[in-house]
Amino acid sequence: MRDGMREKMSALVKVVLFLCLGAVMFWKVQDIFIPNWTTTEYKVERLDQKRLPGVDVLFLGSSHVQSGLSPMELYQDYEIRSFNMGTMGQPTGVSCFLLERAYEDCSFDAVFLDVSGLFITEELYGKQDVNINNFWRCVLDSLAPGPLKYNMAKSYAENSWGDGFISAMLPLFVYHTNWAALTAENFHPSGVSHDYDLGQDIYGMTVPAAAHWTPENIDYATNYIYNFHSGEMTEAVDGIITTKTIEEDLDTTSIPDENLEYLLKIAELCKTHGTRLILFKVPTIAPPQWYAGAWTRVRSELVSQIAQQYELEFWDLQFGTDIGLSLADTIDGGFHLNSIGAEKVSNYIGARIIEERLTAPKADPVYDQYLQEYQKVFSVVRLQTTSDFHEYLDFIKEQGQNWTVLAAALDDYMLGSTDEDMAALREFGLPMAAEGELRDSYIGIISEGKTVYEAVSDYELEHEARIAGNDVSMASKNGWILNPGCSIKVNGTERAIVGTGLNFVIYDNETGCVLDSIVFDNSAQRNPTRNQNWSNIFLRSYETALCAEGSAST
């Protein structure tokens, strides 16, 4: 009898172990197939795992918030403790669920909600081939199983563009067909492994737009959409010309009832928890014809009416005030702000938070530690967004005490250079560069503020050295020789833009990371040249190395 019981118990244990092993394997395989949502996954995990620091002000909203609002700037200048919970797209419904989860463990003095999510509709975003499904999935896929994910999945499943409830709870059911597109990153996700930015995506790159958009220009483009309701099409078929009148209302701006309901639920949540809710808008410098998420006066007025009706506060940072933004403060020609733009937005919001006493300044040792890392990363952002020749040299002198500067000329770096340019090079520590003549070759190296090497010649130059732990190989061939060129290799990898003029490569001695690569051609328009993809890679690599070093030291 006992032997029979033992056999049954043994069989039962085997079944349980088999099911547990199967469940573990299922979750592991599912993790491989789920897209890498990078920063969204990381910040949602911090929320789920109760790893948020002390937070008095919470920011919710789309990628406009994610890149355009800096908690560390708020702390650095005003000692405001905040967290950026912005995610891709972030419909108002997603904001509501995230706020519900945040209130389970935190209390806030103020919650800021970017109102872009109110205008997310399938009709509007579908016209510009934007997948609203991903706006929900990036958060849903990152949430651990639990009541919040269950409730969010139910709301998600009610939408026609969604993949259904089961796929929301068990993402493998929708992603299993992606096996052919798997890459190494799916098996070894690079992810984000730092806390210091408090949810902000930090960018230094600047990509100009084809046009210079101003609020006035955006108004003009917007009015065209809202006033245009008919047009004509003329076509020729087999020599027969016909003209058709097309009637179409291009004005699709509206706030769906569902989004308004989520907004009112957010307002009620804040009221219940004694939190002041501020509706706000991070600027987007683009017309609605180009970008479904563009901000217009029509949208601003609609939100103002809703805010007035429901006694809510609304701060419009695009049309309600001038914070001095330009396209140079964006990463993609106007759609999203870089960290210089985020600094301007954060300074305005921080000053107003203190003025209106939304929260009290608090010194915090955790934030103090984050601030040290932020300031180092932001100095690289400043470097990568400085384009004036004199300002660039001055900034390196001020901030680059632990940097190495590599300079190499291609063709005629002297062409167009002024006496002031030559004086700046002498002051910078490259006097031989200032003494060069027409189409001379030139190489110069400065490390930790000291000139390590310089050479100028009317013939070809080459130089190799090991400086601050990096192997450096440089060459400069002047314009009188066949196939002029230059090279700046760091540890065997070409880092120079290789453009006509004076090429600079800057790297950090502490981490060994390249920080910037730029070429100054002082002739013509004096426009410098950068590779923006390189700039972002340099910044991410430095950020990762810096934070890994910080983790090791603690």
# chains A, B, ... in the order shown; residues from 1 in each chain; ligands from 1

call {"tool": "residues_around", "arguments": {"residues": "range 404-416 of chain A", "least_positions_apart": "4", "cutoff": "7 Å", "atoms": "only C-alpha atoms", "output": "ChimeraX atom specification"}}
result
/A:437-448,475-479,484-486,499-509,521-523

call {"tool": "select_by_dssp", "arguments": {"residues": "range 405-502 of chain A", "states": "strand (DSSP E or B)", "output": "number ranges by chain"}}
result
A: 405-410, 441-447, 450-457, 461-467, 470-477, 485-490, 493-494, 501-502

call {"tool": "select_by_dssp", "arguments": {"residues": "range 237-398 of chain A", "states": "helix (DSSP H, G or I)", "output": "ChimeraX atom specification"}}
result
/A:257-272,297-309,327-329,339-355,365-384,389-398

call {"tool": "residues_around", "arguments": {"residues": "Glu427 in chain A", "least_positions_apart": "3", "cutoff": "12 Å", "atoms": "only C-alpha atoms", "output": "PyMOL selection string"}}
result
chain A and resi 390+393-394+396-397+420-424+430-434+449-451

call {"tool": "residues_around", "arguments": {"residues": "Asn259 in chain A", "least_positions_apart": "3", "cutoff": "6 Å", "atoms": "only C-alpha atoms", "output": "PDB file with all heavy atoms, in the first residue's frame"}}
result
ATOM      1  N   THR A  92      -3.373  57.976 -23.855  1.00  0.00           N
ATOM      2  CA  THR A  92      -3.820  58.389 -22.526  1.00  0.00           C
ATOM      3  C   THR A  92      -4.226  57.188 -21.679  1.00  0.00           C
ATOM      4  O   THR A  92      -4.045  57.184 -20.455  1.00  0.00           O
ATOM      5  CB  THR A  92      -4.993  59.382 -22.649  1.00  0.00           C
ATOM      6  OG1 THR A  92      -4.619  60.431 -23.527  1.00  0.00           O
ATOM      7  CG2 THR A  92      -5.344  59.977 -21.298  1.00  0.00           C
ATOM      8  N   LEU A 118      -3.994  62.281 -26.099  1.00  0.00           N
ATOM      9  CA  LEU A 118      -5.435  62.500 -26.262  1.00  0.00           C
ATOM     10  C   LEU A 118      -5.871  62.417 -27.714  1.00  0.00           C
ATOM     11  O   LEU A 118      -7.021  62.081 -28.017  1.00  0.00           O
ATOM     12  CB  LEU A 118      -5.831  63.870 -25.699  1.00  0.00           C
ATOM     13  CG  LEU A 118      -5.804  64.039 -24.181  1.00  0.00           C
ATOM     14  CD1 LEU A 118      -6.000  65.510 -23.817  1.00  0.00           C
ATOM     15  CD2 LEU A 118      -6.876  63.177 -23.524  1.00  0.00           C
ATOM     16  N   PRO A 256     -11.179  61.328 -28.992  1.00  0.00           N
ATOM     17  CA  PRO A 256     -12.186  60.275 -28.829  1.00  0.00           C
ATOM     18  C   PRO A 256     -12.727  60.236 -27.409  1.00  0.00           C
ATOM     19  O   PRO A 256     -12.034  60.585 -26.448  1.00  0.00           O
ATOM     20  CB  PRO A 256     -11.404  58.990 -29.155  1.00  0.00           C
ATOM     21  CG  PRO A 256     -10.223  59.444 -29.956  1.00  0.00           C
ATOM     22  CD  PRO A 256      -9.886  60.809 -29.438  1.00  0.00           C
ATOM     23  N   TYR A 262     -10.365  58.332 -20.084  1.00  0.00           N
ATOM     24  CA  TYR A 262      -9.096  58.041 -19.403  1.00  0.00           C
ATOM     25  C   TYR A 262      -8.530  59.300 -18.745  1.00  0.00           C
ATOM     26  O   TYR A 262      -7.994  59.252 -17.633  1.00  0.00           O
ATOM     27  CB  TYR A 262      -8.084  57.474 -20.390  1.00  0.00           C
ATOM     28  CG  TYR A 262      -8.235  55.993 -20.655  1.00  0.00           C
ATOM     29  CD1 TYR A 262      -8.399  55.516 -21.956  1.00  0.00           C
ATOM     30  CD2 TYR A 262      -8.193  55.069 -19.617  1.00  0.00           C
ATOM     31  CE1 TYR A 262      -8.524  54.149 -22.215  1.00  0.00           C
ATOM     32  CE2 TYR A 262      -8.323  53.703 -19.859  1.00  0.00           C
ATOM     33  CZ  TYR A 262      -8.493  53.249 -21.162  1.00  0.00           C
ATOM     34  OH  TYR A 262      -8.609  51.901 -21.400  1.00  0.00           O
TER      35      TYR A 262
END
